[in-house]
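A.B. asks: Here you go, query-v8.txt (compact mmCIF, C-alpha atoms and all ligand atoms):
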# COMPACT_ATOMS: atom_id res chain seq x y z
CA MET A 1 19.83 1.06 16.01
CA LYS A 2 21.94 3.75 17.65
CA PRO A 3 21.68 7.23 19.17
CA ALA A 4 21.72 9.96 16.56
CA THR A 5 21.38 13.68 16.00
CA ILE A 6 19.59 14.68 12.82
CA ALA A 7 20.08 18.24 11.62
CA VAL A 8 17.31 19.72 9.47
CA GLU A 9 17.55 22.74 7.21
CA ASP A 10 14.85 24.05 4.89
CA GLY A 11 12.78 20.89 5.20
CA ARG A 12 15.61 18.56 4.31
CA ILE A 13 18.01 16.47 6.32
CA ALA A 14 21.31 18.36 6.47
CA SER A 15 23.24 15.67 8.36
CA VAL A 16 22.86 12.52 10.43
CA ARG A 17 25.49 12.21 13.10
CA GLY A 18 26.10 10.23 16.23
CA TRP A 19 24.81 11.78 19.45
CA SER A 20 26.30 15.25 19.64
CA ASP A 21 25.80 18.62 21.28
CA LEU A 22 24.28 21.25 19.09
CA SER A 23 24.98 24.95 19.36
CA SER A 24 22.47 26.89 21.45
CA SER A 25 21.11 28.63 18.34
CA ASP A 26 19.60 25.39 17.08
CA GLU A 27 15.98 24.50 17.83
CA LEU A 28 16.44 21.18 19.58
CA HIS A 29 13.85 18.39 19.86
CA ASP A 30 14.96 15.60 22.17
CA PHE A 31 13.00 12.38 21.63
CA GLY A 32 14.73 10.49 24.43
CA ASP A 33 14.57 6.74 23.89
CA LEU A 34 11.91 6.88 21.18
CA ILE A 35 12.86 5.55 17.75
CA MET A 36 13.24 7.84 14.74
CA LEU A 37 12.12 6.12 11.57
CA PRO A 38 12.02 7.64 8.11
CA GLY A 39 8.45 8.73 7.34
CA LEU A 40 6.74 5.67 5.90
CA VAL A 41 5.86 5.47 2.22
CA ASP A 42 2.64 3.66 1.28
CA THR A 43 2.49 2.97 -2.43
CA HIS A 44 -0.92 1.28 -2.40
CA VAL A 45 -3.76 3.51 -1.23
CA HIS A 46 -7.22 4.11 -2.69
CA ILE A 47 -8.07 7.71 -1.83
CA ASN A 48 -11.24 7.58 -4.02
CA GLU A 49 -11.45 11.34 -4.58
CA PRO A 50 -12.73 12.84 -6.83
CA GLY A 51 -16.02 11.11 -7.47
CA ARG A 52 -16.31 8.74 -4.52
CA THR A 53 -15.39 11.06 -1.68
CA GLU A 54 -18.16 9.46 0.38
CA TRP A 55 -15.97 6.32 0.36
CA GLU A 56 -12.75 8.15 1.32
CA GLY A 57 -11.08 11.43 0.43
CA PHE A 58 -7.80 13.32 0.45
CA TRP A 59 -8.53 15.05 3.77
CA SER A 60 -9.44 11.94 5.78
CA ALA A 61 -7.00 9.53 4.10
CA THR A 62 -4.00 11.80 4.49
CA ARG A 63 -4.85 12.56 8.14
CA ALA A 64 -5.04 8.83 8.81
CA ALA A 65 -1.64 8.51 7.16
CA ALA A 66 -0.15 11.32 9.25
CA ALA A 67 -1.45 9.69 12.45
CA GLY A 68 0.29 6.47 11.43
CA GLY A 69 3.73 7.90 10.63
CA VAL A 70 3.11 7.71 6.87
CA THR A 71 4.39 10.83 5.11
CA THR A 72 4.01 9.80 1.47
CA LEU A 73 1.04 8.10 -0.23
CA VAL A 74 0.78 6.97 -3.81
CA ASP A 75 -2.85 6.93 -4.91
CA MET A 76 -4.29 4.17 -7.06
CA PRO A 77 -6.03 5.14 -10.33
CA LEU A 78 -9.31 3.66 -9.07
CA ASN A 79 -11.87 3.89 -7.28
CA CYS A 80 -12.05 7.60 -7.99
CA VAL A 81 -14.32 8.94 -10.74
CA PRO A 82 -13.06 9.57 -13.32
CA GLU A 83 -10.53 6.74 -13.08
CA THR A 84 -7.00 8.07 -13.63
CA ILE A 85 -6.57 6.72 -17.15
CA ASP A 86 -5.73 9.88 -19.10
CA VAL A 87 -4.32 13.35 -18.48
CA ALA A 88 -7.73 14.99 -18.00
CA SER A 89 -8.59 12.61 -15.16
CA LEU A 90 -5.17 13.16 -13.58
CA GLU A 91 -5.82 16.90 -13.67
CA ALA A 92 -9.23 16.34 -12.05
CA LYS A 93 -7.50 14.47 -9.23
CA ARG A 94 -4.94 17.22 -8.79
CA ALA A 95 -7.72 19.80 -8.55
CA ALA A 96 -9.57 17.67 -5.99
CA ALA A 97 -6.46 17.36 -3.80
CA GLN A 98 -5.85 21.11 -3.56
CA GLY A 99 -5.51 22.20 0.05
CA LYS A 100 -6.57 18.81 1.47
CA ALA A 101 -3.36 16.74 1.69
CA TRP A 102 -1.82 16.40 5.15
CA VAL A 103 1.06 14.34 3.74
CA ASP A 104 2.86 14.26 0.40
CA TRP A 105 1.19 12.25 -2.31
CA ALA A 106 1.64 11.13 -5.87
CA ALA A 107 -0.50 9.38 -8.47
CA TRP A 108 -0.28 6.08 -10.29
CA GLY A 109 -1.86 6.16 -13.75
CA GLY A 110 -4.09 3.36 -14.99
CA VAL A 111 -3.54 0.86 -17.79
CA VAL A 112 -6.93 -0.40 -19.01
CA HIS A 113 -8.14 -2.17 -22.13
CA GLY A 114 -7.92 0.36 -24.95
CA ASN A 115 -5.93 3.24 -23.39
CA ALA A 116 -2.41 2.52 -24.72
CA GLU A 117 -2.47 5.88 -26.52
CA ALA A 118 -2.99 7.72 -23.23
CA LEU A 119 0.09 6.28 -21.51
CA GLN A 120 2.84 8.48 -22.98
CA PRO A 121 0.86 11.67 -22.22
CA LEU A 122 0.40 10.45 -18.63
CA VAL A 123 4.16 9.81 -18.39
CA GLY A 124 4.69 13.37 -19.58
CA ALA A 125 2.18 14.68 -17.04
CA GLY A 126 4.25 13.21 -14.19
CA VAL A 127 2.70 9.95 -12.93
CA GLN A 128 5.09 7.62 -11.09
CA GLY A 129 4.04 4.48 -12.96
CA PHE A 130 0.91 2.55 -13.88
CA LYS A 131 -1.51 0.04 -12.38
CA CYS A 132 -3.52 -2.63 -14.17
CA PHE A 133 -5.81 -5.56 -13.33
CA LEU A 134 -5.71 -9.03 -14.89
CA ILE A 135 -9.22 -9.74 -13.60
CA HIS A 136 -12.40 -7.67 -13.15
CA SER A 137 -11.46 -4.80 -10.83
CA GLY A 138 -14.90 -4.37 -9.28
CA ILE A 139 -15.14 -1.03 -11.10
CA ASP A 140 -16.64 -1.12 -14.59
CA GLY A 141 -14.78 2.07 -15.59
CA PHE A 142 -11.42 0.40 -14.95
CA HIS A 143 -11.34 -2.44 -17.45
CA TRP A 144 -8.99 -5.38 -16.91
CA VAL A 145 -6.28 -6.25 -19.43
CA ASP A 146 -5.24 -9.46 -21.19
CA GLU A 147 -1.85 -10.42 -22.59
CA ALA A 148 -2.39 -8.45 -25.81
CA ASP A 149 -3.24 -5.28 -23.83
CA LEU A 150 -0.23 -5.85 -21.58
CA ARG A 151 2.02 -6.07 -24.61
CA LEU A 152 0.67 -2.77 -25.97
CA ALA A 153 1.25 -1.11 -22.60
CA LEU A 154 4.74 -2.52 -22.15
CA GLU A 155 5.69 -1.23 -25.62
CA GLN A 156 4.78 2.24 -24.34
CA LEU A 157 6.50 1.89 -20.97
CA ARG A 158 9.70 0.26 -22.22
CA GLY A 159 12.57 2.66 -21.68
CA THR A 160 10.64 5.09 -19.47
CA GLY A 161 11.97 3.50 -16.26
CA LEU A 162 8.43 3.55 -14.84
CA PRO A 163 6.96 0.39 -13.32
CA LEU A 164 3.75 -1.38 -14.32
CA LEU A 165 1.93 -2.49 -11.16
CA ALA A 166 -0.37 -5.46 -11.59
CA HIS A 167 -3.22 -6.98 -9.66
CA ALA A 168 -2.05 -10.54 -10.19
CA GLU A 169 -5.07 -12.80 -10.40
CA VAL A 170 -6.42 -14.13 -13.71
CA ALA A 171 -10.12 -14.75 -14.18
CA GLY A 172 -10.16 -18.37 -15.38
CA PRO A 173 -9.59 -20.20 -12.08
CA VAL A 174 -11.83 -17.74 -10.17
CA THR A 175 -14.73 -18.15 -12.61
CA ALA A 176 -14.38 -21.94 -12.63
CA ALA A 177 -14.21 -22.18 -8.84
CA THR A 178 -17.15 -19.81 -8.34
CA GLU A 179 -19.33 -21.71 -10.80
CA ALA A 180 -18.49 -25.02 -9.13
CA LEU A 181 -19.33 -23.59 -5.69
CA ASN A 182 -22.66 -22.27 -6.96
CA ARG A 183 -23.53 -25.61 -8.59
CA ALA A 184 -22.82 -27.29 -5.25
CA GLY A 185 -25.08 -24.81 -3.42
CA ALA A 186 -22.24 -23.38 -1.31
CA ASN A 187 -23.02 -21.21 1.71
CA TRP A 188 -21.77 -17.71 0.79
CA GLN A 189 -21.81 -16.55 4.39
CA ALA A 190 -19.02 -19.01 5.16
CA TYR A 191 -15.53 -17.54 4.77
CA CYS A 192 -14.24 -20.84 3.41
CA THR A 193 -16.57 -20.43 0.41
CA TYR A 194 -15.07 -17.06 -0.48
CA LEU A 195 -11.54 -18.41 0.01
CA ALA A 196 -12.29 -21.38 -2.27
CA SER A 197 -13.67 -19.01 -4.92
CA ARG A 198 -10.29 -17.28 -5.35
CA PRO A 199 -7.82 -20.16 -5.62
CA ASP A 200 -4.04 -19.79 -5.41
CA ASP A 201 -3.89 -20.86 -9.03
CA ALA A 202 -5.33 -17.50 -10.15
CA GLU A 203 -2.30 -15.76 -8.63
CA VAL A 204 0.22 -18.34 -9.84
CA LYS A 205 -1.03 -18.11 -13.44
CA ALA A 206 -1.01 -14.31 -13.41
CA ILE A 207 2.48 -14.10 -11.93
CA SER A 208 3.75 -16.64 -14.44
CA LEU A 209 2.53 -14.39 -17.29
CA LEU A 210 3.85 -11.20 -15.67
CA THR A 211 7.35 -12.55 -14.97
CA ARG A 212 7.53 -13.79 -18.57
CA LEU A 213 6.56 -10.36 -19.95
CA ALA A 214 8.85 -8.43 -17.58
CA ASP A 215 11.71 -10.59 -18.84
CA GLU A 216 10.76 -10.27 -22.51
CA TYR A 217 10.29 -6.49 -22.42
CA GLN A 218 12.98 -5.81 -19.78
CA THR A 219 10.48 -3.42 -18.22
CA ARG A 220 9.75 -3.17 -14.50
CA ILE A 221 6.67 -5.02 -13.33
CA HIS A 222 5.53 -4.83 -9.71
CA ILE A 223 3.22 -7.44 -8.20
CA VAL A 224 0.81 -5.70 -5.83
CA HIS A 225 -0.65 -7.44 -2.79
CA LEU A 226 0.87 -10.88 -3.22
CA ALA A 227 -1.27 -13.20 -1.11
CA SER A 228 -0.42 -16.71 -2.29
CA ALA A 229 2.83 -18.24 -1.09
CA ARG A 230 2.45 -20.76 -3.90
CA ALA A 231 3.70 -18.09 -6.31
CA LEU A 232 6.95 -17.64 -4.37
CA PRO A 233 9.03 -20.27 -6.24
CA LEU A 234 8.21 -18.50 -9.55
CA LEU A 235 9.30 -15.19 -8.09
CA VAL A 236 12.50 -16.63 -6.62
CA ARG A 237 13.42 -18.03 -10.02
CA ALA A 238 12.59 -14.77 -11.84
CA LYS A 239 14.65 -12.72 -9.41
CA GLN A 240 17.59 -15.12 -9.65
CA GLN A 241 17.47 -14.68 -13.42
CA GLY A 242 17.54 -10.90 -13.08
CA VAL A 243 13.99 -10.30 -14.32
CA PRO A 244 13.01 -6.70 -13.39
CA ILE A 245 10.23 -7.63 -10.99
CA THR A 246 9.37 -6.41 -7.49
CA VAL A 247 6.81 -7.75 -5.06
CA GLU A 248 4.63 -6.25 -2.37
CA THR A 249 2.47 -7.96 0.19
CA CYS A 250 0.01 -6.23 2.48
CA VAL A 251 -0.29 -5.74 6.19
CA HIS A 252 -3.44 -7.90 6.33
CA TYR A 253 -1.82 -10.95 4.71
CA LEU A 254 0.89 -10.77 7.39
CA TRP A 255 -1.55 -10.40 10.30
CA PHE A 256 -4.82 -12.30 9.66
CA SER A 257 -5.32 -15.86 8.57
CA ALA A 258 -8.37 -17.66 7.27
CA ALA A 259 -9.22 -19.94 10.18
CA ALA A 260 -9.81 -17.00 12.54
CA ILE A 261 -12.20 -15.11 10.24
CA PRO A 262 -15.81 -15.32 11.42
CA ASP A 263 -18.42 -16.27 8.86
CA GLY A 264 -20.25 -13.19 7.55
CA ALA A 265 -17.51 -10.79 8.74
CA THR A 266 -17.21 -9.02 5.40
CA GLU A 267 -14.96 -6.26 6.77
CA TYR A 268 -12.24 -8.89 6.15
CA LYS A 269 -13.09 -9.21 2.46
CA CYS A 270 -10.25 -8.39 0.10
CA ALA A 271 -8.89 -9.82 -3.14
CA PRO A 272 -6.82 -11.90 -3.31
CA PRO A 273 -8.27 -13.34 -0.09
CA LEU A 274 -6.70 -13.85 3.32
CA ARG A 275 -5.29 -17.38 3.19
CA SER A 276 -4.08 -20.05 5.63
CA GLU A 277 -1.80 -19.68 8.65
CA ALA A 278 0.92 -21.69 6.85
CA ASN A 279 0.61 -19.27 3.94
CA ARG A 280 1.00 -16.29 6.29
CA GLU A 281 4.15 -17.84 7.76
CA ALA A 282 5.57 -18.38 4.28
CA LEU A 283 5.00 -14.69 3.41
CA TRP A 284 7.00 -13.68 6.50
CA GLY A 285 9.74 -16.04 5.35
CA ALA A 286 9.71 -14.47 1.88
CA LEU A 287 10.11 -11.00 3.38
CA ALA A 288 13.10 -12.20 5.39
CA ASP A 289 14.58 -13.78 2.25
CA GLY A 290 14.05 -10.63 0.17
CA VAL A 291 11.69 -12.33 -2.31
CA VAL A 292 8.95 -9.99 -1.15
CA ASP A 293 10.40 -6.47 -1.26
CA MET A 294 7.90 -4.35 0.61
CA ILE A 295 4.69 -4.00 2.62
CA ALA A 296 1.79 -1.71 1.65
CA THR A 297 -1.68 -1.30 3.12
CA ASP A 298 -3.98 -1.47 0.06
CA HIS A 299 -6.21 0.78 2.16
CA SER A 300 -9.48 0.45 0.25
CA PRO A 301 -12.54 1.52 2.21
CA CYS A 302 -16.16 1.91 1.17
CA PRO A 303 -19.33 3.13 2.88
CA PRO A 304 -20.25 0.58 5.58
CA ALA A 305 -23.55 -0.25 3.86
CA MET A 306 -21.62 -1.69 0.92
CA LYS A 307 -20.12 -4.32 3.21
CA ARG A 308 -23.71 -5.63 3.64
CA ARG A 309 -22.78 -6.84 7.08
CA GLU A 310 -26.37 -7.85 8.05
CA GLU A 311 -26.54 -10.13 5.04
CA GLY A 312 -22.97 -11.38 5.53
CA ARG A 313 -22.61 -12.79 2.02
CA TRP A 314 -19.02 -12.73 0.81
CA ASP A 315 -20.07 -12.75 -2.85
CA ARG A 316 -22.16 -9.58 -2.50
CA ALA A 317 -20.04 -7.43 -0.17
CA TRP A 318 -17.59 -4.86 -1.51
CA GLY A 319 -13.97 -6.04 -1.20
CA GLY A 320 -11.29 -3.90 0.44
CA ILE A 321 -9.78 -3.54 3.90
CA ALA A 322 -9.47 -0.18 5.65
CA SER A 323 -6.22 0.10 7.58
CA LEU A 324 -4.44 3.39 6.86
CA GLY A 325 -2.58 4.56 9.97
CA LEU A 326 -2.34 1.14 11.62
CA ALA A 327 0.38 -0.53 9.57
CA LEU A 328 3.33 0.42 11.75
CA PRO A 329 2.10 -1.00 15.09
CA VAL A 330 0.55 -4.06 13.44
CA ILE A 331 3.71 -5.02 11.58
CA TRP A 332 5.93 -4.14 14.54
CA THR A 333 3.85 -6.39 16.81
CA GLU A 334 4.56 -9.35 14.55
CA MET A 335 8.19 -8.37 14.10
CA SER A 336 8.75 -8.18 17.86
CA ARG A 337 7.25 -11.65 18.31
CA ARG A 338 9.62 -12.90 15.64
CA GLU A 339 12.59 -10.92 16.99
CA ILE A 340 13.16 -9.17 13.67
CA ASP A 341 15.27 -6.02 13.88
CA ILE A 342 13.43 -2.74 13.28
CA HIS A 343 15.76 -1.66 10.47
CA HIS A 344 13.89 -4.18 8.28
CA LEU A 345 10.70 -2.27 8.97
CA ALA A 346 12.22 0.92 7.56
CA GLN A 347 13.40 -1.05 4.55
CA TRP A 348 10.03 -2.74 3.88
CA MET A 349 7.76 0.23 4.60
CA ALA A 350 9.83 3.27 3.64
CA THR A 351 13.00 2.70 1.61
CA ALA A 352 11.79 -0.01 -0.80
CA PRO A 353 8.40 1.58 -1.58
CA ALA A 354 10.09 4.97 -2.09
CA ARG A 355 12.35 3.35 -4.66
CA LEU A 356 9.39 1.70 -6.42
CA ALA A 357 7.67 5.06 -6.81
CA GLY A 358 10.77 6.91 -7.98
CA PHE A 359 11.55 8.75 -4.73
CA ALA A 360 14.83 7.01 -3.90
CA LEU A 361 17.19 9.31 -1.92
CA ARG A 362 14.37 11.85 -1.41
CA LYS A 363 11.87 9.81 0.64
CA GLY A 364 12.07 6.76 2.88
CA VAL A 365 15.61 7.26 4.18
CA LEU A 366 17.32 9.06 7.04
CA ALA A 367 20.20 10.52 5.08
CA ALA A 368 21.56 13.92 4.18
CA GLY A 369 19.66 15.44 1.27
CA ALA A 370 16.42 13.52 1.89
CA ASP A 371 13.21 15.26 2.93
CA ALA A 372 13.01 15.64 6.72
CA ASP A 373 10.11 13.17 7.07
CA PHE A 374 10.05 11.26 10.34
CA ALA A 375 7.91 8.86 12.32
CA VAL A 376 8.76 9.10 16.02
CA PHE A 377 7.88 5.70 17.41
CA ASP A 378 7.48 4.21 20.88
CA PRO A 379 8.29 0.51 20.30
CA ASP A 380 7.05 -0.66 23.71
CA ALA A 381 3.58 0.94 24.03
CA GLU A 382 0.91 -1.76 24.18
CA TRP A 383 -2.65 -0.85 23.23
CA THR A 384 -5.88 -2.11 21.74
CA VAL A 385 -7.19 -0.59 18.51
CA THR A 386 -10.60 1.06 18.94
CA ALA A 387 -12.81 2.87 16.43
CA GLU A 388 -11.60 6.18 17.95
CA ASP A 389 -8.06 5.37 16.82
CA LEU A 390 -9.16 5.27 13.18
CA HIS A 391 -8.77 8.59 11.35
CA PHE A 392 -10.05 7.48 7.96
CA ARG A 393 -13.61 8.25 6.89
CA HIS A 394 -15.56 5.15 7.94
CA LYS A 395 -14.69 3.52 11.26
CA LEU A 396 -15.12 -0.02 9.96
CA SER A 397 -11.97 -2.14 9.98
CA PRO A 398 -11.11 -5.74 10.91
CA TYR A 399 -8.29 -4.33 13.07
CA VAL A 400 -10.70 -2.91 15.67
CA GLY A 401 -10.03 -4.93 18.81
CA ALA A 402 -6.50 -5.92 17.77
CA LYS A 403 -3.92 -5.86 20.56
CA VAL A 404 -0.79 -4.24 19.20
CA ARG A 405 2.64 -3.11 20.29
CA GLY A 406 4.23 0.20 19.35
CA ARG A 407 2.71 3.61 18.82
CA VAL A 408 3.45 6.56 16.57
CA MET A 409 4.06 9.52 18.89
CA GLU A 410 4.89 12.19 16.31
CA THR A 411 5.01 12.57 12.54
CA TRP A 412 7.12 15.17 10.73
CA LEU A 413 6.79 16.20 7.10
CA ARG A 414 9.61 18.19 5.48
CA GLY A 415 10.69 19.51 8.87
CA GLU A 416 7.17 20.42 10.10
CA ARG A 417 5.47 18.54 12.94
CA ILE A 418 2.12 17.45 11.44
CA PHE A 419 0.99 15.06 14.20
CA ALA A 420 1.91 14.75 17.87
CA ARG A 421 0.35 12.60 20.60
CA GLY A 422 -3.09 12.41 19.04
CA GLN A 423 -3.21 16.02 17.81
CA PHE A 424 -2.82 17.22 14.25
CA GLY A 425 -0.87 20.29 13.13
CA ASP A 426 -2.43 23.59 12.04
CA GLY A 427 -3.48 22.54 8.57
CA PRO A 428 -2.60 20.42 5.57
CA CYS A 429 0.84 21.10 4.12
CA GLY A 430 1.29 18.03 1.91
CA ARG A 431 2.36 18.45 -1.70
CA GLU A 432 2.00 16.40 -4.80
CA LEU A 433 5.25 14.77 -5.86
CA VAL A 434 5.42 15.09 -9.62
CA ARG A 435 7.98 13.16 -11.62
CA SER A 436 10.16 15.49 -13.61
ZN ZN B 501 -5.76 -1.93 -4.22
Please express what this file holds, its structure, as C-alpha cells.
Ligand SMILES: [Zn+2]
C.D. replies:
Amino acid sequence: MKPATIAVEDGRIASVRGWSDLSSSDELHDFGDLIMLPGLVDTHVHINEPGRTEWEGFWSATRAAAAGGVTTLVDMPLNCVPETIDVASLEAKRAAAQGKAWVDWAAWGGVVHGNAEALQPLVGAGVQGFKCFLIHSGIDGFHWVDEADLRLALEQLRGTGLPLLAHAEVAGPVTAATEALNRAGANWQAYCTYLASRPDDAEVKAISLLTRLADEYQTRIHIVHLASARALPLLVRAKQQGVPITVETCVHYLWFSAAAIPDGATEYKCAPPLRSEANREALWGALADGVVDMIATDHSPCPPAMKRREEGRWDRAWGGIASLGLALPVIWTEMSRREIDIHHLAQWMATAPARLAGFALRKGVLAAGADADFAVFDPDAEWTVTAEDLHFRHKLSPYVGAKVRGRVMETWLRGERIFARGQFGDGPCGRELVRS
C-alpha cells in the first residue's frame, strides 16, 4: 500500500501515479489516509427480479452493493421468474432492470436439464457464463443437471471461453443422510441436524465429477460457494495438473462456524451449510495458498416469513443468507486479526471475480484504462452491524450484531460518486455489462 494520485477522465482511469501535485484546473478529491480499493465485484448475487421482487430487487440490491463498495454485480439465473434459461427470460430481466441499477451489473445464464439448445443463443445475447446445480436448487423452474446434461452443456460451451459455474453438491449423500436422520427421529430445530443432513461427501463427489469434466472438455468450470475443506486436496491436484477450474468461497463460510449457531436460528441457513471451526480455518488457509481464488457473498434473501423463525425448523426454512454490502468490513475484520495484507482483499473480491466474469482490465483493478470504480475505505473504524446498516430489502441477516472493523466511506462508479458517508447519489446510473 502506498500514496497515490489517480487521474480520471470520461469515467475511466487515465493514470495511477505516486503522490503528485495536480494542476489547478483538475477537480481534486483528497481522501487523506483512507484506502482506495478498486470497486468490488460480486459474481454471486440473487437479485430475484423480475418475478420475485418481494424477495429482493434491482433497486434495493444495487443500493446495498453501492453502500458496501461493490460496483459490479453478476446476477444469478434464479430465483427470478422466469429463470434466466433462454433469451426471452434474459430480455425480461433486462427490461426489469431499466432505470433501477445503482451499480453496474451483468447476467449469468442458466444450464438446466433440457435447455442445451438455448445456450448458444444466450452466448450470442451477451451473458458472461452459465450456472447450474447438481442437486435440487430449491426452485422447481430451475432443474438440476446430471453428468449427461453437463456433457451436453459443455459441448456447447467448449471454445466459447465462458465459464460454467456449478453448485457443487450431489443429491445422493444428502438424501441418504436426511432419510437416516428422519428414521432416527432427529430434532430439526437443532443446527447439528441440518449440518449432518448435508455431509461433506456431497461436495467432494460433485467436485470430483466437475474437475474430471473440466479436464476432459478443457472448458472452464467454476465451483461456487465451496464450503467443505475436505474437497481442497482434489482442487489442489486439479490445479496442479492445469485443469481449467476456479473456486469461490463465501463471506459466511469465512466468518461463521457451526458451534456458534443457535438452534432454530434459520437466518443462518444456507447450502452447503456452515461447517466447523477447523473447516473455516482450512478455507482461510486455502485462500492464502491460492487454491480458493475469490470471495463472493451469495446474497440470497427471501421474505422473512419464509425463514419460519417461530417454528425454527431447518428442514422447512428457505435457505440463503442476506449479506450484500457487508462483505468488505466482515472480511477485513478477519484479515486484520490474521495480519493479512489488504492487497489480497482487492485480489479476492475485485480482480479475481472480474476475471471470472470476463471483465479483466475493465473492472476490479486500479490501472489506466479501467473503469474509475472505487471503494474508499476506512480500515480502522470499529462498529456493530445493526438493521439500519442493511440496505437490502428485508432487514434479516445473521450479521446483525456482528462487531466489525473497517467501513466504506465512499463508492465511485465510472467517475461518479454514488455513495458517501451514508448518503446515496442523485439516482441510479448503473449499466448492464454485455459481453461483445
Ligand atoms: Zn447462490
A.B. asks: For Ile342 of chain A, work out the shell of residues within 8 Å, counting only C-alpha atoms and skipping chain neighbours fewer than 6 positions away, then give it as a list in words.
C.D. replies: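 So the residues in contact are Met1, Trp332 and Met335 of chain A.
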A.B. asks: List all protein, DNA and RNA residues that have an atom no more than 9 Å from any atom of ligand ZN 501 (chain B), counting all atoms listed in the file, and report them as a compact mmCIF listing (two decimals) with C-alpha atoms, keeping the file's coordinate frame.
C.D. replies:
# COMPACT_ATOMS: atom_id res chain seq x y z
CA HIS A 44 -0.92 1.28 -2.40
CA VAL A 45 -3.76 3.51 -1.23
CA HIS A 46 -7.22 4.11 -2.69
CA MET A 76 -4.29 4.17 -7.06
CA LEU A 78 -9.31 3.66 -9.07
CA ASN A 79 -11.87 3.89 -7.28
CA HIS A 167 -3.22 -6.98 -9.66
CA VAL A 224 0.81 -5.70 -5.83
CA HIS A 225 -0.65 -7.44 -2.79
CA CYS A 270 -10.25 -8.39 0.10
CA ALA A 271 -8.89 -9.82 -3.14
CA THR A 297 -1.68 -1.30 3.12
CA ASP A 298 -3.98 -1.47 0.06
CA HIS A 299 -6.21 0.78 2.16
CA SER A 300 -9.48 0.45 0.25
CA GLY A 320 -11.29 -3.90 0.44
A.B. asks: I'd like the interatomic distance between atom CA of Arg94 of chain A and atom CA of Gly427 of chain A, to a tenth of an Å.
C.D. replies: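 Atom CA of Arg94 of chain A sits 18.2 Å away from atom CA of Gly427 of chain A.
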A.B. asks: For the atom pair atom CA of Asp426 of chain A and atom CA of Asp42 of chain A, what is the interatomic distance in Å to one decimal place?
C.D. replies: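 Result for atom CA of Asp426 of chain A versus atom CA of Asp42 of chain A: 23.2 Å, one decimal.
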A.B. asks: For segment 105-107 of chain A, find every residue with an atom within 10 Å (counting only C-alpha atoms), except residues of its own chain fewer than 6 positions away, and show them as an MDAnalysis selection string.
C.D. replies: chainID A and resid 41:43 45 58 62 71:77 84 90 93:94 97 126:130 357 430:435
A.B. asks: One decimal, in Å: what's the spacing between atom CA of Val103 of chain A and atom CA of Val376 of chain A?
C.D. replies: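 For atom CA of Val103 of chain A relative to atom CA of Val376 of chain A, the distance reads 15.4 Å.
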A.B. asks: Ranking A:Lys100, A:Lys307, A:Arg355, A:Arg338 by minimum distance to Leu162 of chain A and counting all atoms listed in the file, which one comes first?
C.D. replies: A:Arg355
A.B. asks: Could you work out an axis-aligned bounding box for all listed atoms of segment 306-323 of chain A, with 8 Å added on each of the six sides, and give its centre and edge lengths in Å to one decimal, as AutoDock Vina command-line options?
C.D. replies:
--center_x -16.4 --center_y -6.3 --center_z 2.6 --size_x 36.3 --size_y 28.9 --size_z 26.9
A.B. asks: Within 9 Å of Asp10 of chain A, counting only C-alpha atoms, which residues show up once you throw out same-chain ones fewer than 6 positions away? Write them as a PDB file with C-alpha atoms, in the frame of the given file, please.
C.D. replies:
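Result file is out36.pdb:
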ATOM      1  CA  ALA A 372      13.010  15.640   6.720  1.00  0.00           C
ATOM      2  CA  ARG A 414       9.610  18.190   5.480  1.00  0.00           C
ATOM      3  CA  GLY A 415      10.690  19.510   8.870  1.00  0.00           C
TER       4      GLY A 415
END
A.B. asks: Using all atoms listed in the file, find all polymer residues with an atom at most 12 Å away from the point (8.6, -2.1, 3.2); report them as a ChimeraX atom specification.
C.D. replies: /A:38-44,70,246-251,287-288,290,292-297,327-328,331-332,342-356,364-365
A.B. asks: How close does segment 269-385 of chain A get to segment 194-216 of chain A? List, as a Markdown table, each residue of segment 269-385 of chain A within 10 Å, its nearest atom pair and the distance in Å to one decimal, counting all atoms listed in the file.
C.D. replies:
| residue | atom | partner | partner_atom | distance |
| --- | --- | --- | --- | --- |
| A:Lys269 | CA | A:Tyr194 | CA | 8.6 |
| A:Cys270 | CA | A:Tyr194 | CA | 9.9 |
| A:Ala271 | CA | A:Arg198 | CA | 7.9 |
| A:Pro272 | CA | A:Arg198 | CA | 6.7 |
| A:Pro273 | CA | A:Leu195 | CA | 6.0 |
| A:Leu274 | CA | A:Leu195 | CA | 7.4 |
| A:Arg275 | CA | A:Leu195 | CA | 7.1 |
| A:Ser276 | CA | A:Leu195 | CA | 9.5 |
| A:Arg313 | CA | A:Tyr194 | CA | 9.0 |
| A:Trp314 | CA | A:Tyr194 | CA | 6.0 |
| A:Asp315 | CA | A:Tyr194 | CA | 7.0 |
A.B. asks: Go ahead and dump the residues you just picked, C-alpha atoms, as a compact mmCIF listing (two decimals), in the coordinates of the input.
C.D. replies:
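And here is the file that came out, out18.txt:
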# COMPACT_ATOMS: atom_id res chain seq x y z
CA LYS A 269 -13.09 -9.21 2.46
CA CYS A 270 -10.25 -8.39 0.10
CA ALA A 271 -8.89 -9.82 -3.14
CA PRO A 272 -6.82 -11.90 -3.31
CA PRO A 273 -8.27 -13.34 -0.09
CA LEU A 274 -6.70 -13.85 3.32
CA ARG A 275 -5.29 -17.38 3.19
CA SER A 276 -4.08 -20.05 5.63
CA ARG A 313 -22.61 -12.79 2.02
CA TRP A 314 -19.02 -12.73 0.81
CA ASP A 315 -20.07 -12.75 -2.85
A.B. asks: For a quick check of understanding, using all atoms listed in the file, which of A:Phe424, A:Ala360, A:Thr411, A:Pro329 has the smallest distance to Val385 of chain A?
C.D. replies: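 Closest to Val385 of chain A, using all atoms listed in the file: A:Pro329.
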